[in-house]
Every structure is written in structure tokens, then in C-alpha cells.
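One file, coords_3.cif, carrying mmCIF, C-alpha atoms:
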data_model
#
loop_
_atom_site.label_atom_id
_atom_site.label_comp_id
_atom_site.auth_asym_id
_atom_site.auth_seq_id
_atom_site.Cartn_x
_atom_site.Cartn_y
_atom_site.Cartn_z
CA MET A 67 -20.78 -13.53 -49.73
CA GLY A 68 -18.59 -11.09 -51.63
CA ARG A 69 -14.98 -11.69 -52.39
CA PRO A 70 -12.69 -10.20 -49.67
CA PRO A 71 -10.43 -7.31 -50.72
CA SER A 72 -6.78 -7.91 -51.41
CA VAL A 73 -4.45 -7.48 -48.47
CA ASP A 74 -2.54 -4.70 -50.22
CA ALA A 75 -5.67 -2.77 -51.19
CA LEU A 76 -7.08 -2.99 -47.67
CA ALA A 77 -3.75 -1.92 -46.17
CA ARG A 78 -3.57 1.10 -48.50
CA SER A 79 -7.07 2.14 -47.48
CA LEU A 80 -5.79 2.48 -43.91
CA ALA A 81 -3.00 4.95 -44.73
CA SER A 82 -4.78 7.78 -42.89
CA THR A 83 -3.98 6.06 -39.57
CA GLY A 84 -0.38 7.17 -40.03
CA LEU A 85 1.06 3.70 -39.42
CA PRO A 86 3.79 2.28 -41.69
CA HIS A 87 2.54 0.22 -44.63
CA ALA A 88 4.18 -2.95 -43.28
CA VAL A 89 2.16 -2.64 -40.07
CA LEU A 90 -1.04 -2.03 -42.02
CA VAL A 91 -0.40 -5.09 -44.18
CA ASP A 92 -0.16 -7.20 -41.01
CA VAL A 93 -3.42 -5.70 -39.67
CA ALA A 94 -5.19 -6.24 -43.01
CA ARG A 95 -4.01 -9.82 -43.26
CA GLN A 96 -5.32 -10.63 -39.77
CA ALA A 97 -8.70 -8.98 -40.46
CA ILE A 98 -9.18 -10.86 -43.73
CA ALA A 99 -8.09 -14.15 -42.15
CA ASP A 100 -10.75 -13.64 -39.47
CA GLY A 101 -13.36 -12.99 -42.13
CA ASP A 102 -13.88 -9.45 -40.84
CA ALA A 103 -12.25 -7.04 -43.28
CA GLY A 104 -14.55 -4.29 -42.04
CA SER A 105 -12.77 -4.28 -38.68
CA ALA A 106 -9.39 -3.42 -40.20
CA GLU A 107 -9.55 0.31 -39.42
CA ALA A 108 -10.54 -0.28 -35.79
CA ARG A 109 -7.73 -2.82 -35.49
CA ALA A 110 -5.22 -0.36 -36.96
CA LEU A 111 -6.31 2.36 -34.56
CA ALA A 112 -5.98 -0.09 -31.67
CA VAL A 113 -2.41 -0.86 -32.77
CA ARG A 114 -1.62 2.85 -32.83
CA ARG A 115 -3.10 3.30 -29.36
CA ARG A 116 -0.83 0.58 -28.01
CA LEU A 117 2.32 2.39 -29.13
CA LEU A 118 4.29 4.32 -26.53
CA GLN A 119 2.91 7.84 -26.28
CA PRO A 120 2.65 10.70 -23.77
CA VAL A 121 -0.15 10.33 -21.22
CA ILE A 122 -1.40 12.58 -18.44
CA ASN A 123 -1.18 10.96 -15.02
CA ALA A 124 -4.15 12.07 -12.92
CA THR A 125 -4.04 9.04 -10.60
CA GLY A 126 -2.27 10.79 -7.73
CA VAL A 127 0.47 8.13 -7.80
CA LEU A 128 3.67 10.10 -8.30
CA LEU A 129 5.81 7.11 -9.28
CA HIS A 130 3.29 5.08 -11.26
CA THR A 131 5.08 1.93 -12.43
CA ASN A 132 2.64 1.39 -15.31
CA LEU A 133 3.34 4.93 -16.51
CA GLY A 134 7.14 4.71 -16.33
CA ARG A 135 7.57 5.86 -12.71
CA ALA A 136 9.32 9.24 -12.44
CA PRO A 137 8.46 11.70 -15.22
CA LEU A 138 11.48 13.17 -16.96
CA ALA A 139 12.23 16.71 -17.99
CA PRO A 140 12.92 17.02 -21.74
CA VAL A 141 16.34 15.50 -22.45
CA GLN A 142 18.47 17.90 -24.44
CA LEU A 143 20.41 15.75 -26.88
CA PRO A 144 22.57 17.15 -29.71
CA ASP A 145 20.38 16.91 -32.81
CA GLY A 146 21.68 14.15 -35.07
CA ARG A 147 25.05 13.99 -33.35
CA PHE A 148 27.02 11.41 -31.42
CA ALA A 149 27.96 11.69 -27.74
CA ASN A 150 31.18 10.97 -25.87
CA VAL A 151 29.71 7.96 -24.05
CA GLU A 152 33.07 6.17 -23.81
CA LEU A 153 35.54 8.67 -25.22
CA ASP A 154 37.97 10.79 -23.22
CA LEU A 155 37.90 14.09 -25.10
CA GLU A 156 41.20 15.22 -23.53
CA THR A 157 43.30 12.22 -24.52
CA GLY A 158 41.31 10.87 -27.45
CA GLU A 159 41.50 7.45 -25.85
CA ARG A 160 38.66 5.19 -24.80
CA GLY A 161 36.92 6.60 -21.73
CA SER A 162 34.56 5.29 -19.08
CA ARG A 163 30.77 5.30 -18.88
CA SER A 164 31.21 6.29 -15.24
CA ALA A 165 33.07 9.51 -16.02
CA HIS A 166 29.98 11.70 -16.38
CA ALA A 167 26.58 10.82 -14.85
CA ALA A 168 27.97 8.32 -12.34
CA ARG A 169 30.71 10.68 -11.21
CA LEU A 170 28.20 13.49 -10.71
CA LEU A 171 25.87 11.25 -8.70
CA ALA A 172 28.79 10.17 -6.51
CA LEU A 173 29.54 13.82 -5.82
CA ALA A 174 25.89 14.56 -5.07
CA CYS A 175 25.60 11.82 -2.45
CA GLY A 176 29.10 11.97 -0.96
CA ALA A 177 30.34 8.64 -2.36
CA ASP A 178 33.90 7.91 -3.45
CA ALA A 179 32.64 6.44 -6.73
CA ALA A 180 29.49 5.26 -8.47
CA LEU A 181 28.45 2.93 -11.26
CA VAL A 182 25.24 3.05 -13.30
CA VAL A 183 23.47 -0.08 -14.55
CA ASN A 184 20.10 -0.56 -16.23
CA ASN A 185 17.83 -0.89 -13.14
CA GLY A 186 17.78 -1.29 -9.38
CA ALA A 187 17.53 -5.08 -9.43
CA ALA A 188 20.57 -5.22 -11.71
CA ALA A 189 22.53 -3.12 -9.22
CA VAL A 190 21.85 -5.63 -6.43
CA LEU A 191 22.62 -8.60 -8.69
CA LEU A 192 25.93 -7.12 -9.86
CA VAL A 193 27.09 -6.26 -6.34
CA LEU A 194 26.34 -9.76 -5.08
CA ALA A 195 27.95 -11.44 -8.09
CA ALA A 196 31.08 -9.27 -7.91
CA LEU A 197 31.62 -9.38 -4.16
CA ALA A 198 30.19 -12.77 -3.13
CA GLY A 199 29.58 -14.80 -6.28
CA ALA A 200 32.91 -16.60 -6.46
CA GLY A 201 35.79 -17.69 -4.28
CA PRO A 202 35.80 -18.93 -0.70
CA ARG A 203 33.82 -16.00 0.72
CA ARG A 204 30.31 -16.45 -0.67
CA ASN A 205 28.05 -16.12 2.35
CA VAL A 206 25.83 -13.04 2.53
CA VAL A 207 24.19 -12.41 5.88
CA VAL A 208 20.63 -11.00 5.69
CA SER A 209 17.91 -10.47 8.27
CA ARG A 210 14.88 -12.71 7.80
CA GLY A 211 12.74 -9.60 8.04
CA GLU A 212 14.43 -8.23 4.91
CA LEU A 213 14.04 -11.19 2.55
CA VAL A 214 11.56 -9.19 0.52
CA GLU A 215 9.80 -9.64 -2.76
CA ILE A 216 9.06 -6.59 -4.88
CA GLY A 217 7.13 -6.17 -8.12
CA GLY A 218 7.77 -8.55 -10.97
CA GLY A 219 8.76 -11.43 -8.70
CA PHE A 220 12.13 -9.95 -7.64
CA ARG A 221 12.96 -11.92 -4.50
CA VAL A 222 16.12 -11.33 -2.50
CA PRO A 223 16.81 -15.09 -1.95
CA ASP A 224 16.43 -15.76 -5.69
CA VAL A 225 18.77 -12.93 -6.66
CA LEU A 226 21.33 -14.21 -4.18
CA GLU A 227 21.13 -17.66 -5.74
CA GLN A 228 21.46 -16.32 -9.29
CA SER A 229 24.50 -14.27 -8.30
CA GLY A 230 26.35 -17.33 -7.01
CA ALA A 231 26.27 -16.09 -3.41
CA SER A 232 24.95 -18.12 -0.48
CA LEU A 233 22.22 -16.82 1.79
CA LEU A 234 22.90 -16.78 5.54
CA GLU A 235 19.65 -15.87 7.33
CA VAL A 236 19.69 -14.30 10.77
CA GLY A 237 17.08 -13.14 13.28
CA THR A 238 13.34 -13.50 12.87
CA THR A 239 10.69 -11.96 10.66
CA ASN A 240 9.98 -9.12 13.07
CA ARG A 241 13.12 -8.81 15.22
CA THR A 242 16.79 -8.98 14.25
CA ARG A 243 19.48 -7.72 16.63
CA LEU A 244 23.18 -7.06 16.19
CA ASP A 245 23.95 -10.16 18.28
CA ASP A 246 22.13 -12.28 15.67
CA TYR A 247 24.62 -11.12 13.07
CA ARG A 248 27.58 -11.59 15.39
CA ARG A 249 26.62 -15.16 16.26
CA ALA A 250 26.17 -16.01 12.60
CA LEU A 251 29.60 -14.64 11.71
CA ALA A 252 31.20 -16.55 14.58
CA ARG A 253 29.42 -19.77 13.60
CA VAL A 254 29.90 -19.66 9.82
CA GLY A 255 33.05 -18.71 7.95
CA GLY A 256 33.41 -17.23 4.51
CA VAL A 257 31.06 -14.26 4.98
CA ALA A 258 31.57 -11.82 2.13
CA LEU A 259 29.21 -9.06 3.25
CA ALA A 260 26.15 -8.07 5.23
CA LEU A 261 23.19 -7.05 3.09
CA LYS A 262 20.71 -4.53 4.48
CA VAL A 263 17.49 -4.40 2.45
CA HIS A 264 15.16 -1.45 2.96
CA GLN A 265 11.53 -2.54 3.36
CA SER A 266 10.51 0.02 0.79
CA ASN A 267 7.23 -1.53 -0.33
CA TYR A 268 5.72 -2.71 2.97
CA ARG A 269 5.75 -2.09 6.71
CA ILE A 270 6.01 -4.39 9.72
CA GLU A 271 4.49 -2.75 12.79
CA GLY A 272 4.17 -3.66 16.44
CA PHE A 273 6.75 -5.83 18.20
CA THR A 274 9.65 -5.14 15.82
CA GLU A 275 13.37 -4.44 15.89
CA SER A 276 15.97 -4.09 13.17
CA THR A 277 19.68 -3.40 13.20
CA PRO A 278 20.76 -0.04 11.77
CA VAL A 279 23.62 0.30 9.29
CA ALA A 280 25.84 2.06 11.85
CA ASP A 281 25.75 -1.04 14.06
CA LEU A 282 26.23 -3.45 11.14
CA ALA A 283 29.36 -1.50 10.17
CA THR A 284 31.04 -2.75 13.38
CA LEU A 285 30.87 -6.39 12.25
CA GLY A 286 34.13 -6.34 10.27
CA VAL A 287 32.57 -7.21 6.89
CA PRO A 288 31.42 -4.77 4.17
CA VAL A 289 27.84 -3.59 4.57
CA VAL A 290 25.80 -3.23 1.39
CA ALA A 291 22.54 -1.31 1.80
CA ASP A 292 19.87 -1.66 -0.86
CA LEU A 293 17.78 1.49 -0.40
CA GLY A 294 15.69 1.04 -3.51
CA SER A 295 13.94 4.41 -3.42
CA GLY A 296 17.00 6.53 -4.10
CA LEU A 297 16.64 9.52 -1.77
CA LEU A 298 20.05 11.15 -2.17
CA ASP A 299 20.21 13.22 1.00
CA ALA A 300 17.83 13.32 3.99
CA SER A 301 18.38 17.09 4.30
CA THR A 302 17.08 17.63 0.70
CA PRO A 303 19.29 20.67 0.02
CA TRP A 304 17.67 20.95 -3.43
CA LEU A 305 14.37 21.98 -1.78
CA PRO A 306 14.28 25.57 -0.42
CA SER A 307 11.80 24.61 2.31
CA GLY A 308 13.73 21.54 3.44
CA PRO A 309 12.48 17.96 3.75
CA PRO A 310 8.69 17.51 3.46
CA ALA A 311 7.00 15.80 6.42
CA TRP A 312 6.07 12.71 4.39
CA LEU A 313 9.78 11.91 3.87
CA ARG A 314 10.39 11.47 7.59
CA GLY A 315 12.15 8.18 8.31
CA GLU A 316 13.07 7.40 4.71
CA PRO A 317 16.75 6.31 4.59
CA ALA A 318 18.97 8.37 2.32
CA VAL A 319 22.11 7.52 0.38
CA ARG A 320 24.43 10.15 1.87
CA GLN A 321 23.51 9.40 5.49
CA THR A 322 23.69 5.63 4.93
CA LEU A 323 27.22 5.95 3.57
CA GLU A 324 28.14 8.23 6.48
CA ASP A 325 26.82 5.54 8.85
CA GLY A 326 29.38 3.12 7.49
CA ALA A 327 27.85 1.32 4.51
CA ALA A 328 30.52 0.27 2.04
CA LEU A 329 28.06 0.37 -0.86
CA VAL A 330 24.53 1.61 -1.42
CA THR A 331 22.31 0.55 -4.31
CA PHE A 332 19.19 2.40 -5.46
CA SER A 333 16.90 3.01 -8.44
CA GLY A 334 17.15 5.97 -10.77
CA ASP A 335 13.44 6.30 -11.51
CA LYS A 336 12.04 6.59 -7.99
CA LEU A 337 12.80 9.37 -5.50
CA LEU A 338 15.85 10.32 -7.55
CA GLY A 339 13.45 11.45 -10.26
CA GLY A 340 15.48 10.17 -13.21
CA PRO A 341 15.24 7.50 -15.91
CA GLN A 342 15.08 3.76 -15.26
CA ALA A 343 18.54 2.89 -13.99
CA GLY A 344 20.30 1.33 -11.05
CA VAL A 345 23.10 3.05 -9.14
CA ILE A 346 25.88 1.49 -7.07
CA ALA A 347 27.65 4.10 -4.93
CA GLY A 348 30.27 4.02 -2.20
CA SER A 349 33.79 2.64 -1.83
CA ALA A 350 35.87 3.19 -4.96
CA GLU A 351 37.55 -0.21 -4.49
CA LEU A 352 34.24 -2.08 -4.35
CA VAL A 353 32.61 -0.03 -7.11
CA ASN A 354 35.60 -0.83 -9.34
CA ALA A 355 35.27 -4.52 -8.48
CA CYS A 356 31.67 -4.35 -9.71
CA ALA A 357 32.71 -2.50 -12.87
CA ARG A 358 35.30 -5.19 -13.67
CA HIS A 359 32.82 -8.08 -13.33
CA PRO A 360 31.69 -9.64 -16.65
CA LEU A 361 28.04 -8.94 -15.80
CA ALA A 362 28.72 -5.20 -15.77
CA ARG A 363 28.86 -5.09 -19.56
CA ALA A 364 25.57 -6.97 -19.89
CA LEU A 365 23.86 -4.64 -17.41
CA ARG A 366 25.21 -1.29 -18.60
CA PRO A 367 22.80 1.41 -19.81
CA GLY A 368 22.91 3.25 -23.12
CA GLY A 369 23.77 6.82 -23.90
CA LEU A 370 20.19 8.10 -23.69
CA VAL A 371 19.83 6.90 -20.10
CA LEU A 372 23.24 8.27 -19.14
CA HIS A 373 22.44 11.64 -20.67
CA ALA A 374 19.10 11.89 -18.87
CA LEU A 375 20.71 10.81 -15.60
CA GLN A 376 23.46 13.39 -16.07
CA GLN A 377 20.86 16.17 -16.36
CA VAL A 378 19.18 14.99 -13.16
CA ALA A 379 22.52 14.84 -11.32
CA LEU A 380 23.41 18.36 -12.47
CA ALA A 381 20.07 19.63 -11.16
CA TYR A 382 20.83 18.13 -7.73
CA LEU A 383 24.29 19.68 -7.70
CA ARG A 384 22.76 23.07 -8.61
CA ARG A 385 20.27 22.48 -5.76
CA ASP A 386 17.49 23.05 -8.28
CA GLY A 387 14.73 20.65 -7.26
CA ASN A 388 12.25 22.55 -9.42
CA ALA A 389 14.08 21.26 -12.50
CA ILE A 390 13.18 17.67 -11.51
CA PRO A 391 9.50 16.97 -12.33
CA PHE A 392 9.07 14.48 -9.49
CA TRP A 393 10.09 16.99 -6.82
CA ARG A 394 8.06 19.72 -8.48
CA MET A 395 4.94 17.54 -8.21
CA ALA A 396 5.71 16.14 -4.78
CA THR A 397 6.15 19.55 -3.17
CA ALA A 398 3.34 21.42 -4.92
CA ASP A 399 1.39 23.57 -2.47
CA ALA A 400 -2.03 22.14 -1.59
CA ALA A 401 -3.65 25.58 -1.73
CA THR A 402 -2.41 26.04 -5.31
CA LEU A 403 -3.74 22.61 -6.23
CA GLN A 404 -7.11 23.61 -4.76
CA GLN A 405 -7.30 26.70 -6.97
CA ARG A 406 -6.41 24.63 -10.03
CA ALA A 407 -9.10 22.05 -9.12
CA ILE A 408 -11.74 24.77 -8.80
CA ALA A 409 -10.80 26.15 -12.22
CA VAL A 410 -10.84 22.75 -13.97
CA ALA A 411 -14.07 21.60 -12.26
CA ILE A 412 -15.98 24.36 -14.08
CA TYR A 413 -15.96 22.06 -17.12
CA ALA A 414 -17.13 18.92 -15.30
CA GLY A 415 -17.11 17.42 -11.84
CA THR A 416 -16.53 18.77 -8.37
CA PRO A 417 -13.30 19.95 -6.69
CA ILE A 418 -12.38 17.64 -3.82
CA GLU A 419 -9.64 17.09 -1.30
CA CYS A 420 -7.79 13.83 -1.92
CA THR A 421 -4.58 12.06 -1.01
CA SER A 422 -1.64 11.37 -3.30
CA VAL A 423 0.87 8.58 -2.74
CA VAL A 424 4.50 8.25 -3.78
CA GLY A 425 4.12 4.81 -5.39
CA GLY A 426 6.83 2.80 -7.14
CA GLY A 427 7.30 0.67 -4.04
CA SER A 428 8.34 3.72 -2.02
CA LEU A 429 6.96 4.99 1.30
CA PRO A 430 4.01 2.58 1.63
CA GLY A 431 1.15 3.89 3.73
CA VAL A 432 2.33 7.50 3.45
CA GLY A 433 -0.13 9.99 1.96
CA ILE A 434 0.37 13.54 0.67
CA PRO A 435 -2.58 15.97 0.95
CA SER A 436 -3.82 17.01 -2.47
CA TRP A 437 -6.77 18.35 -4.49
CA GLY A 438 -8.50 17.09 -7.59
CA ILE A 439 -11.78 16.71 -9.43
CA ALA A 440 -14.45 14.07 -8.84
CA VAL A 441 -17.01 12.88 -11.41
CA GLU A 442 -19.96 10.92 -10.01
CA ARG A 443 -19.49 7.90 -12.26
CA ASP A 444 -16.76 5.86 -13.92
CA VAL A 445 -15.51 7.84 -16.93
CA THR A 446 -11.97 6.44 -16.96
CA ALA A 447 -12.41 4.70 -20.34
CA SER A 448 -13.51 7.97 -21.95
CA LEU A 449 -10.57 9.81 -20.40
CA ARG A 450 -8.13 7.20 -21.70
CA ALA A 451 -9.63 7.54 -25.19
CA HIS A 452 -8.83 11.26 -25.24
CA THR A 453 -5.79 12.54 -27.14
CA PRO A 454 -3.54 12.66 -25.22
CA PRO A 455 -4.92 9.98 -22.87
CA VAL A 456 -5.76 11.02 -19.31
CA VAL A 457 -5.36 8.26 -16.71
CA ALA A 458 -7.45 8.62 -13.54
CA ARG A 459 -8.67 6.34 -10.75
CA VAL A 460 -12.05 5.18 -9.48
CA HIS A 461 -12.83 5.46 -5.77
CA GLU A 462 -16.18 4.42 -4.31
CA GLY A 463 -17.85 4.64 -7.71
CA ARG A 464 -16.48 8.11 -8.50
CA THR A 465 -13.75 9.00 -10.95
CA VAL A 466 -11.05 11.01 -9.19
CA LEU A 467 -8.46 13.09 -11.05
CA ASP A 468 -5.69 14.11 -8.65
CA LEU A 469 -3.96 17.27 -9.87
CA ARG A 470 -0.77 16.73 -7.89
CA THR A 471 0.47 14.39 -10.62
CA VAL A 472 -0.73 16.65 -13.45
CA ASP A 473 1.56 19.40 -14.70
CA ALA A 474 -0.21 22.75 -14.43
CA GLY A 475 0.33 23.26 -18.15
CA ASP A 476 -1.87 20.23 -18.82
CA ASP A 477 -4.91 21.51 -16.91
CA THR A 478 -6.50 22.64 -20.18
CA VAL A 479 -6.09 19.12 -21.58
CA VAL A 480 -7.72 17.63 -18.49
CA ALA A 481 -10.56 20.13 -18.83
CA ALA A 482 -11.09 19.15 -22.47
CA ALA A 483 -11.06 15.46 -21.59
CA LEU A 484 -13.62 16.04 -18.82
CA THR A 485 -15.83 18.07 -21.15
CA ALA A 486 -15.89 15.14 -23.58
CA THR A 487 -17.31 12.88 -20.84
CA ARG A 488 -20.54 14.92 -20.49
#

For the structure just supplied, provide its representation as C-alpha cells.
Amino acid sequence: MGRPPSVDALARSLASTGLPHAVLVDVARQAIADGDAGSAEARALAVRRRLLQPVINATGVLLHTNLGRAPLAPVQLPDGRFANVELDLETGERGSRSAHAARLLALACGADAALVVNNGAAAVLLVLAALAGAGPRRNVVVSRGELVEIGGGFRVPDVLEQSGASLLEVGTTNRTRLDDYRRALARVGGVALALKVHQSNYRIEGFTESTPVADLATLGVPVVADLGSGLLDASTPWLPSGPPAWLRGEPAVRQTLEDGAALVTFSGDKLLGGPQAGVIAGSAELVNACARHPLARALRPGGLVLHALQQVALAYLRRDGNAIPFWRMATADAATLQQRAIAVAIYAGTPIECTSVVGGGSLPGVGIPSWGIAVERDVTASLRAHTPPVVARVHEGRTVLDLRTVDAGDDTVVAAALTATR
């Protein structure tokens, strides 16, 4: 057996991969330790493939959690410059992180004020901690039918416990009436708020009943509605053709506040179409109470998120849904998608009708008619190996590439990736 190469020499031989030398040294050391120096290049390429990079989403899932949920338009940041994240340019004094993106979002949804944190779960946690986590009023009344668990093990009862609040369950799994809340409030003192949790990632059908926000607002305690999905306005004034049929029944921030909710929480990277963030919107007094809580500093987002969110908010205020990639994809005309599918299928596969879904825990069971390309075998690994990677799905043994989630400018890339599968 020959003597293995030196770590440094092997690492230098991998320079063409474009990875930093320190990374290549680590790869080389592992390959030599495993007695397989010849695998070093493949290992280095695998490391490079695992780095964050642009991918083309041909799955038909508009908010694909594994792909970062909502796609973002290019964020226009000043090249090499700072940003006034917490500086008041008029006074020169320290400013607020809620003076730009959060203020614009509040205006867009009709709230008195808003606060941005780093994700939707953080928004719920901060509200509960600030309004019910200390003092004599710690009880939070929640319907048993809304004690949900979402992805990553986020459970409403667990978040309540971590916030310091106490859970007061009312009603049953499938039916909770206003009288259930009233009896609970009469029986138990120290109720800080009523929490309404939107069943965004599942449906209960059949013999069901829930209590709307407008009725909960008559209870005499603040109502906090966790909408999750982040639809700003049910009338979708940013879409020239109005609300699409698949949005029917989805609760929206503006209307929920108009119905009497004191606060609404929602995600930034779902139907809002922005970066990962959580938004708390509603009463200025309660939003300020959240902003003053010690957790607010730990949960605050950075300047990049705030800048991206500001651009999204400005697009809503301009009523320019086309500037938000999510809405551009979601409202694409099926006939146009069909023509694109026919053009791409020349290279490989067959144009087919298919169904897109919103994803991201939003609108479960709701499909959006679409068109794509089908290949009569599983070629997903080959598509992922393309540069840039193309991510598709397998249905009944066929690979399906749904063009609703593919930007029209990337059709040539999809065609090239399909050609490589022949």
C-alpha cells in the first residue's frame, strides 16, 4: 500500500472546486483518515452542493418549507453601505426598528401599530409572554379545537407554558361556542386574553362549530388571533382581478382587526410573500407592551430581513402584487402555463394538467389548477444534480414538473435539465 498524500497537498489539488482552503483541508483530512484519499474530490463537491444556493422549484408547492417558503424579489441594498436600522435621520438620535417595515405593514393592514420579530412562532411567544406571562392575570383561554401542532413540534400548549402563561381550555375538539368562553371566564379569574388560533395546516369537517373573532371580542378581554398565513386583506386590492377563488374563507389581518381582535400575529414568509419573520399588529398599547418585553430584543430580526420586508410592504401599499413573486406565481393564468408546458415538453416529457398547492401550512386541501411536464420515470436525482438544481416531485411513478412555481425566465433551465435526463 502506498503512502497517503499529505493533507496540505491533497487539499491544494482540490482548489478547482472553488472552496476555501480551510474547508478543503478538512475534507482532505477526513478522506485520508478513512483510508480513501481518492474520494476527496467527490467529498469536496458534495460539501459545495450542500451550501445554500439558488434552486428552481418545480414541485408545484408555492410555499415550500424546505426551499425557504416564499421566494423573494431581489433585495436592493446599498452596496457596501450601512442602513438606518435604529437611527432617526431627522434627529440623529437612536430610532426604532419599527419605524420603517413594521410601520408600513401596519398601514397596509389597518393596524394602529406593528412589531416585527424573527418568525411566526416568536410572535406568538412574545405576545403571550408580554401580556400573560407575569402578574395575577396569566390565564389564556383557548378552544380545545385550536390547540394545534405545526411543523417542527410547535405546539400551542407548550408555547403557552414557555411564555409563563396558563392554559384555560374550553369547548371540545370539534365544537366550541361563545357560551363555553363565557362560562370559563365566570368560573376562573385572572384571564389575560382569549387566543384564537387559525387551523391553518389542517381541517376538521362534519359536526363542527367555532366561535368567530367578532363574538370573542364581546367577552371583555383582549382577543389575540394567530392567523399564521399572513393574508393582509381579504379583498386583495393588490390584485387587479380581485381575490382568487382558492383564497375563499381564508381569514385576513385587516378584517380580523376590524372584527375586534386586539392583536393579530402572522408569518412574513407565507401568504405575505416576504422573508422569514413574524409580525404582531393591532393595538398600539399592546404592541408597545410586546416591544418593551425583554424577549423582544432576543427575537428581533436583522437589517436584511427588515429591508426585504420593507420592500414587500411598499409593494402592497402601491397595490403592485406583480412585484411580489408569490402572488405572481399564485395568480398565473392556467392557459399561459399550458403554453409554457408545451414549449418545454419539446425537450423531454409530456405536457400535463396538474394541481399546485399553497403549502407552508396554509390552505390545506386547496388546489390551484396548473400545467407542467411529466416524464415517465423518476428523474428527480438527475434534475437535482443539474446546475442550478431543479426540484420536482414524483407522482404514480412519473416525475412531474409543475410550472406554476417556476419563473417563466427559468423555462430554458428546466428544458436543459430535462434534456440531460434523456

Next on the checklist: Give me, as a PyMOL selection string, all polymer residues having an atom no more than 7 Å from Phe332 of chain A, counting all atoms listed in the file and skipping those fewer than 6 positions away in the same chain.
Outcome noted: chain A and resi 186+292-296+344-346

Please report, as CSV, each residue of segment 334-393 of chain A lying at most 12 Å from segment 258-281 of chain A, together with the nearest pair of atoms and the separation in Å rounded to one decimal; use all atoms listed in the file, and order rows by chain and ascending residue number.
residue,atom,partner,partner_atom,distance
A:Lys336,CA,A:Ser266,CA,11.1
A:Leu337,CA,A:Ser266,CA,11.5
A:Leu352,CA,A:Leu259,CA,11.5

Checklist entry - Using all atoms listed in the file, which residue out of A:Pro71, A:Asp477, A:Pro454, A:Leu118 lies closest to Val410 of chain A? => result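 Checking each candidate against Val410 of chain A, we get A:Asp477 as the closest.
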
So which residues get picked by the PyMOL selection byres ((chain A and resi 461-470) around 6) here, written as a PDB file with C-alpha atoms, keeping the file's coordinate frame?
ATOM      1  CA  ALA A 124      -4.150  12.070 -12.920  1.00  0.00           C
ATOM      2  CA  THR A 125      -4.040   9.040 -10.600  1.00  0.00           C
ATOM      3  CA  GLY A 126      -2.270  10.790  -7.730  1.00  0.00           C
ATOM      4  CA  MET A 395       4.940  17.540  -8.210  1.00  0.00           C
ATOM      5  CA  GLY A 438      -8.500  17.090  -7.590  1.00  0.00           C
ATOM      6  CA  ILE A 439     -11.780  16.710  -9.430  1.00  0.00           C
ATOM      7  CA  ALA A 440     -14.450  14.070  -8.840  1.00  0.00           C
ATOM      8  CA  VAL A 441     -17.010  12.880 -11.410  1.00  0.00           C
ATOM      9  CA  GLU A 442     -19.960  10.920 -10.010  1.00  0.00           C
ATOM     10  CA  ARG A 443     -19.490   7.900 -12.260  1.00  0.00           C
ATOM     11  CA  ASP A 444     -16.760   5.860 -13.920  1.00  0.00           C
ATOM     12  CA  ALA A 458      -7.450   8.620 -13.540  1.00  0.00           C
ATOM     13  CA  ARG A 459      -8.670   6.340 -10.750  1.00  0.00           C
ATOM     14  CA  VAL A 460     -12.050   5.180  -9.480  1.00  0.00           C
ATOM     15  CA  THR A 471       0.470  14.390 -10.620  1.00  0.00           C
ATOM     16  CA  VAL A 472      -0.730  16.650 -13.450  1.00  0.00           C
TER      17      VAL A 472
END

Item to check | Residues near segment 127-139 of chain A, cut-off 9 Å, all atoms listed in the file, skip fewer than 5 positions along chain, as a list in words | outcome: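 What passes the distance filter is Val121, Gly334, Asp335, Lys336, Leu337, Leu338, Gly339, Gly340, Pro341, Gln342, Ala374, Gln377, Val378, Ala389, Ile390, Pro391, Phe392, Met395, Ala396, Ser422, Val423, Val424, Gly425, Gly426, Gly427, Ser428, Asp468, Arg470 and Thr471 of chain A.
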
Item to check | Residues matched by the PyMOL selection byres ((chain A and resi 387) around 10), written as a VMD selection string | outcome: chain A and resid 302 to 306 339 378 381 to 386 388 to 394 397

Item to check | Nearest to Leu372 of chain A, chosen from A:Val93, A:Ala343, A:Ile408, A:Ala283, with only C-alpha atoms counted in the distances | outcome: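 Comparing A:Val93, A:Ala343, A:Ile408, A:Ala283 against Leu372 of chain A, the winner is A:Ala343.
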
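Closest to Ser105 of chain A among A:Val182, A:Ala451, A:Val289, A:Ala77 is A:Ala77, based on all atoms listed in the file.
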
Checklist entry - Can you tell me how far atom CA of Glu419 of chain A sits from atom CA of Ala481 of chain A, in Å to one decimal? => result 17.8 Å

Item to check | Selected residue of minimal separation from Asp224 of chain A among A:Val113, A:Gly84, A:Gly201, A:Ala187, counting all atoms listed in the file | outcome: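 The answer is A:Ala187, which sits nearest to Asp224 of chain A.
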
Checklist entry - Selected by the PyMOL selection byres ((chain A and resi 96) around 12) in the shown coordinates: which residues, as a PyMOL selection string? => result chain A and resi 73+76-77+89-95+97-107+109-110

Item to check | Who sits within 10 Å of Asp245 of chain A, only C-alpha atoms, same chain under 4 positions skipped, as a list in words | outcome: Val236, Gly237, Arg249, Ala250, Leu251, Thr277 and Leu285 of chain A

Checklist entry - Distance atom CA of Leu449 of chain A-atom CA of Pro435 of chain A, one decimal place? => result 23.6 Å

Checklist entry - How far is it from atom CA of His452 of chain A to atom CA of Asp473 of chain A, in Å with one decimal? => result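 Atom CA of Asp473 of chain A lies 16.9 Å from atom CA of His452 of chain A.
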
Next on the checklist: What's around Leu234 of chain A at 10 Å? Count only C-alpha atoms, leave out sequence neighbours fewer than 2 positions away in its own chain, and write the answer as a list in words.
Outcome noted: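 The filter keeps Arg204, Asn205, Val206, Val207, Val208, Ser209, Arg210, Pro223, Ala231, Ser232, Val236, Tyr247, Ala250, Leu251, Val254, Val257 and Ala260 of chain A.
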
Checklist entry - For Gly256 of chain A, which of A:Ala200, A:Ala328, A:Ala179, A:Val222 is the closest residue, counting only C-alpha atoms? => result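 Answer, going by the shortest atom-to-atom distance: A:Ala200.
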
Next on the checklist: Give me, as a PyMOL selection string, all polymer residues having an atom no more than 10 Å from Gly368 of chain A, counting all atoms listed in the file and skipping those fewer than 4 positions away in the same chain.
Outcome noted: chain A and resi 151+163+183-184+372-373
